[in-house]
Every structure is written in structure tokens, then in C-alpha cells.
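As provided, query_2.tsv (TSV, C-alpha atoms and all ligand atoms) reads as follows.
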```
chain	number	residue	atom	x	y	z
A	1	MET	CA	109.97	93.88	131.70
A	2	LYS	CA	109.05	95.19	128.25
A	3	HIS	CA	111.47	94.32	125.50
A	4	THR	CA	112.05	95.75	122.05
A	5	VAL	CA	110.60	93.75	119.15
A	6	VAL	CA	113.09	93.96	116.30
A	7	ARG	CA	111.97	93.30	112.74
A	8	VAL	CA	113.14	93.82	109.18
A	9	MET	CA	111.08	94.39	106.07
A	10	CYS	CA	113.06	94.62	102.86
A	11	ALA	CA	112.81	93.92	99.15
A	12	ILE	CA	115.38	92.21	96.99
A	13	GLY	CA	115.84	91.39	93.32
A	14	GLN	CA	116.13	87.86	91.95
A	15	SER	CA	119.79	87.58	93.01
A	16	GLY	CA	119.59	89.61	96.22
A	17	GLN	CA	119.91	93.10	94.73
A	18	LEU	CA	119.12	95.74	97.38
A	19	GLY	CA	120.37	99.11	96.17
A	20	LEU	CA	121.87	101.01	93.24
A	21	ASP	CA	123.30	104.54	93.09
A	22	GLY	CA	121.80	105.40	96.47
A	23	GLY	CA	118.28	104.27	95.59
A	24	LEU	CA	116.36	101.08	95.00
A	25	PRO	CA	117.65	99.23	91.90
A	26	TRP	CA	114.13	99.24	90.42
A	27	GLU	CA	113.56	102.93	91.23
A	28	GLY	CA	111.27	104.58	88.67
A	29	ASN	CA	109.63	101.31	87.64
A	30	ARG	CA	105.93	102.10	87.97
A	31	ALA	CA	104.73	98.51	87.53
A	32	PRO	CA	102.10	97.57	90.14
A	33	ILE	CA	104.30	94.98	91.88
A	34	TYR	CA	106.98	97.60	92.72
A	35	ARG	CA	104.46	100.25	93.76
A	36	ALA	CA	102.59	97.74	95.92
A	37	ASP	CA	105.82	96.76	97.66
A	38	VAL	CA	106.64	100.35	98.64
A	39	ALA	CA	103.04	100.95	99.75
A	40	ARG	CA	103.11	97.79	101.88
A	41	PHE	CA	106.36	98.84	103.54
A	42	PHE	CA	105.02	102.21	104.60
A	43	GLU	CA	101.67	100.72	105.65
A	44	LEU	CA	103.13	98.01	107.88
A	45	THR	CA	105.77	100.22	109.47
A	46	ARG	CA	103.26	102.99	110.28
A	47	GLY	CA	103.19	103.90	113.97
A	48	HIS	CA	106.41	102.02	114.68
A	49	VAL	CA	110.09	102.95	114.86
A	50	LEU	CA	112.15	102.91	111.65
A	51	LEU	CA	115.81	102.81	112.51
A	52	ALA	CA	118.28	103.08	109.60
A	53	GLY	CA	121.47	104.59	108.28
A	54	PRO	CA	121.60	108.24	107.15
A	55	LYS	CA	121.10	107.56	103.41
A	56	THR	CA	118.15	105.24	103.94
A	57	ILE	CA	116.40	107.64	106.33
A	58	ALA	CA	117.01	110.53	103.89
A	59	SER	CA	115.16	108.56	101.21
A	60	VAL	CA	111.92	108.30	103.22
A	61	PRO	CA	109.29	110.32	101.34
A	62	ASP	CA	107.66	113.31	103.03
A	63	TYR	CA	104.26	111.58	103.25
A	64	ALA	CA	105.76	108.88	105.50
A	65	ARG	CA	107.69	111.15	107.88
A	66	THR	CA	104.95	112.13	110.31
A	67	ASP	CA	103.26	108.83	111.17
A	68	ARG	CA	106.28	106.83	112.32
A	69	GLU	CA	109.37	107.54	114.40
A	70	LEU	CA	112.45	107.87	112.19
A	71	VAL	CA	115.79	107.27	113.87
A	72	VAL	CA	119.14	107.77	112.13
A	73	VAL	CA	121.76	105.37	113.48
A	74	ARG	CA	125.49	105.91	113.16
A	75	SER	CA	128.43	103.54	113.42
A	76	SER	CA	129.44	105.28	116.66
A	77	MET	CA	126.21	104.10	118.36
A	78	ASP	CA	125.99	100.85	120.32
A	79	PRO	CA	123.20	98.67	118.81
A	80	GLU	CA	122.10	97.11	122.11
A	81	GLU	CA	121.95	100.45	123.90
A	82	THR	CA	120.12	102.03	120.95
A	83	LEU	CA	117.47	99.29	120.86
A	84	SER	CA	116.97	99.48	124.63
A	85	ARG	CA	115.65	103.03	124.16
A	86	PHE	CA	112.56	101.54	122.47
A	87	ALA	CA	111.37	98.98	125.02
A	88	GLY	CA	107.75	98.02	124.35
A	89	ARG	CA	107.89	99.23	120.73
A	90	ILE	CA	108.29	97.48	117.39
A	91	VAL	CA	111.51	98.62	115.73
A	92	PHE	CA	112.09	98.02	112.02
A	93	ILE	CA	115.77	97.93	111.05
A	94	GLY	CA	115.70	99.65	107.66
A	95	GLY	CA	119.29	99.07	106.43
A	96	GLY	CA	121.51	99.65	104.55
A	97	PRO	CA	123.83	96.64	104.68
A	98	PRO	CA	126.25	97.90	107.40
A	99	VAL	CA	123.25	98.52	109.65
A	100	TRP	CA	121.88	95.01	109.04
A	101	ASP	CA	125.39	93.68	109.72
A	102	ALA	CA	125.25	95.31	113.15
A	103	TYR	CA	121.61	94.61	114.06
A	104	ALA	CA	120.90	91.19	112.44
A	105	ARG	CA	121.57	89.30	115.66
A	106	PHE	CA	118.63	91.06	117.37
A	107	VAL	CA	116.04	90.44	114.62
A	108	SER	CA	113.14	88.07	115.40
A	109	HIS	CA	111.25	88.42	112.13
A	110	TRP	CA	112.42	88.95	108.55
A	111	ASP	CA	109.87	89.96	105.90
A	112	ILE	CA	111.57	89.76	102.50
A	113	THR	CA	109.84	90.37	99.19
A	114	ARG	CA	111.67	88.91	96.20
A	115	LEU	CA	110.82	91.13	93.25
A	116	PRO	CA	111.18	90.20	89.55
A	117	TYR	CA	114.08	92.70	89.05
A	118	ASP	CA	117.24	91.04	87.71
A	119	GLY	CA	119.55	93.95	86.82
A	120	PRO	CA	122.61	95.59	88.38
A	121	ALA	CA	123.11	96.62	91.99
A	122	ASP	CA	125.77	98.01	94.32
A	123	ARG	CA	124.13	96.85	97.55
A	124	TRP	CA	123.32	93.18	98.11
A	125	PHE	CA	121.37	91.05	100.57
A	126	ASN	CA	123.53	88.83	102.76
A	127	PRO	CA	121.74	85.53	103.65
A	128	ASN	CA	123.92	85.21	106.76
A	129	TRP	CA	121.85	88.01	108.28
A	130	LEU	CA	118.97	85.51	108.63
A	131	LEU	CA	121.14	83.45	110.96
A	132	GLY	CA	122.19	86.48	113.01
A	133	LYS	CA	125.69	86.27	111.54
A	134	THR	CA	127.63	88.89	109.60
A	201	LIG	N1	115.85	97.07	98.99
A	201	LIG	C1	115.62	97.48	100.24
A	201	LIG	O1	114.73	96.99	100.93
A	201	LIG	C2	116.51	98.55	100.82
A	201	LIG	C3	116.34	98.96	102.14
A	201	LIG	C4	117.20	99.93	102.66
A	201	LIG	C5	118.19	100.48	101.86
A	201	LIG	N2	118.30	100.05	100.57
A	201	LIG	C6	119.34	100.62	99.70
A	201	LIG	O2	120.60	100.63	100.35
A	201	LIG	C7	121.32	101.82	99.97
A	201	LIG	C8	121.56	102.68	101.20
A	201	LIG	O3	122.32	101.96	102.13
A	201	LIG	P1	123.82	102.37	102.51
A	201	LIG	O4	124.40	101.24	103.30
A	201	LIG	O5	124.53	102.82	101.30
A	201	LIG	O6	123.64	103.68	103.42
A	201	LIG	P2	122.91	103.98	104.82
A	201	LIG	O7	121.46	103.73	104.75
A	201	LIG	O8	123.34	105.34	105.20
A	201	LIG	O9	123.50	102.91	105.87
A	201	LIG	C9	124.89	102.73	106.06
A	201	LIG	C10	125.46	103.70	107.09
A	201	LIG	O10	124.86	103.45	108.35
A	201	LIG	C11	125.73	103.92	109.37
A	201	LIG	N3	125.70	102.97	110.50
A	201	LIG	C12	124.83	103.03	111.50
A	201	LIG	N4	125.04	102.10	112.43
A	201	LIG	C13	126.11	101.39	112.01
A	201	LIG	C14	126.85	100.32	112.58
A	201	LIG	N5	126.55	99.81	113.78
A	201	LIG	N6	127.89	99.83	111.87
A	201	LIG	C15	128.23	100.36	110.68
A	201	LIG	N7	127.58	101.42	110.11
A	201	LIG	C16	126.52	101.93	110.76
A	201	LIG	C17	127.12	104.11	108.73
A	201	LIG	O11	127.34	105.52	108.58
A	201	LIG	P3	128.37	106.31	109.59
A	201	LIG	O12	129.62	105.48	109.67
A	201	LIG	O13	128.55	107.60	108.86
A	201	LIG	O14	127.67	106.46	110.88
A	201	LIG	C18	126.93	103.50	107.35
A	201	LIG	O15	127.69	104.11	106.34
A	201	LIG	C19	120.44	102.55	98.95
A	201	LIG	O16	120.79	102.13	97.65
A	201	LIG	C20	119.06	102.07	99.34
A	201	LIG	O17	118.12	102.19	98.27
A	201	LIG	C21	117.50	99.11	100.05
```
Starting from the file, give its structure as C-alpha cells.
Amino acid sequence: MKHTVVRVMCAIGQSGQLGLDGGLPWEGNRAPIYRADVARFFELTRGHVLLAGPKTIASVPDYARTDRELVVVRSSMDPEETLSRFAGRIVFIGGGPPVWDAYARFVSHWDITRLPYDGPADRWFNPNWLLGKT
């Protein structure tokens, strides 16, 4: 029977910074390392399913909306049942933190880029996710 391959690709700052004011903490920084990270994310998730909370899905740029399947997940949805809808596909769990809390136990591959950013944040990476714990 086909199963769903569940992956995460995310980027963090030096101390685990994930988000700030609804965007990436390093938003607007045009340095090549930040631009390359965003480009890599949209390249490697192309053709697959990107499943994320409403704010994260809303932040997907127009150019990346047609060549992948975007799925908004809500707290009312059962993670196991939701993932079972995508048997045979690769599903990237796109965050934010409450979504990783709920889906971490299903993830078989984490791809984390640690960027040189070391400023403020209001969303943080939780290392327990790597162990499937929340
Ligand atoms: N650095 C990175 O790689 C990265 C990646 C993604 C996001 N971010 C950042 O994270 C921030 C956005 O994340 P966010 O958490 O604020 O908003 P979000 O993306 O909307 O995700 C959180 C929402 O997901 C919903 N949800 C879906 N399934 C859930 C479940 N099983 N349990 C609990 N909630 C569930 C909840 O909304 P309901 O209760 O309304 O359903 C919750 O409020 C932004 O700053 C963004 O830039 C960073």
C-alpha cells in the first residue's frame, strides 16, 4: 500500500528564530544566502504537497502557487486523516509552530538551514520536533 512521505524544509536563525511579525525574521534582506534559501525551498517543494497553517500558506508568493499543491490545515483537522489523503505523494509540512507540534511525529526527514541571522523573533524552532515530541 502506498504511504505518504512526510518531510519538513525550514530555515532558522542562529538561535532557532523562525518568524517575526508574520513573516520571516530576515525578510527584506537581499543578501544571496537568504535569497538562495527561499529559491531552494520553492525548487525542492515543486510538484509536491505543501501543507501549512493559514498564515504560512497566505505568504506563498504568486509564482509558487501553480506548480505545487497548497493545503491549508486547521486545528480542527485530524493530522493522520489529513496525511492519508496524500498516499503516494511527498508532503512538506510548512509550519508554523503549532502545525509542526501536531505533525512532527510523522516526519521522516528534516531539512534545516541555519542562516546567519541573529536578531529578534516571535516564532522559534523547537528541537523536540526532531524526536517526534512536542
Ligand atoms: N523560517 C521558516 O522556515 C518558517 C516556515 C513557516 C513559517 N514561518 C513563520 O511562522 C509564522 C507563521 O506561523 P504561525 O504559527 O504564526 O501561523 P500559521 O502558519 O497560520 O500556523 C498556525 C495555525 O495553524 C493552524 N493549525 C493547523 N493544524 C493545527 C493543529 N493540528 N494544531 C494546532 N493548530 C493547527 C492553527 O490555526 P486555527 O486554529 O485557526 O486552525 C494555528 O493558529 C510566520 O512568522 C512565518 O514567517 C517560518
* Asked: Could you list as JSON, numbers by chain every residue that has an atom within 12 Å of (127.3, 107.3, 113.5), using the file's coordinates and counting only C-alpha atoms?
  -> {"A": [52, 53, 54, 55, 71, 72, 73, 74, 75, 76, 77, 78, 79, 82, 98, 99]}
Could you name the residues that touch Pro120 in chain A at 10 Å or less, counting all atoms listed in the file, but leaving out those on the same chain fewer than 6 positions away, as a PDB file with C-alpha atoms, in the coordinates of the input?
```pdb
ATOM      1  CA  GLY A  13     115.840  91.390  93.320  1.00  0.00           C
ATOM      2  CA  SER A  15     119.790  87.580  93.010  1.00  0.00           C
ATOM      3  CA  GLN A  17     119.910  93.100  94.730  1.00  0.00           C
ATOM      4  CA  LEU A  18     119.120  95.740  97.380  1.00  0.00           C
ATOM      5  CA  GLY A  19     120.370  99.110  96.170  1.00  0.00           C
ATOM      6  CA  LEU A  20     121.870 101.010  93.240  1.00  0.00           C
ATOM      7  CA  PRO A  25     117.650  99.230  91.900  1.00  0.00           C
ATOM      8  CA  TRP A  26     114.130  99.240  90.420  1.00  0.00           C
TER       9      TRP A  26
END
```
Draw an axis-aligned box over all listed atoms of ligand LIG 201 (chain A), pad each side with 3 Å, and write its centre and edge lengths in Å, one decimal, as AutoDock Vina command-line options.
```
--center_x 122.2 --center_y 102.3 --center_z 105.7 --size_x 20.9 --size_y 16.6 --size_z 22.1
```
* To do: May I have the protein, DNA and RNA residues with any atom at most 12 Å from the point (115.9, 99.5, 121.1), counting only C-alpha atoms, written as JSON, numbers by chain?
  => {"A": [2, 3, 4, 5, 6, 7, 48, 49, 50, 51, 71, 73, 77, 78, 79, 80, 81, 82, 83, 84, 85, 86, 87, 88, 89, 90, 91, 92, 93, 103, 106, 107]}
* Asked: What gap, in Å, lies between CA of Arg65 in chain A and CA of Phe41 in chain A?
  -> 13.1 Å
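With distances restricted to only C-alpha atoms and all ligand atoms, A:Trp100 is the closest residue to ligand LIG 201 (chain A) from A:Trp129, A:Phe42, A:Trp110, A:Trp100.
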* Please indicate the distance in Å from atom C18 of ligand LIG 201 (chain A) to CA of Thr56 in chain A, rounded to one decimal place. => 9.6 Å
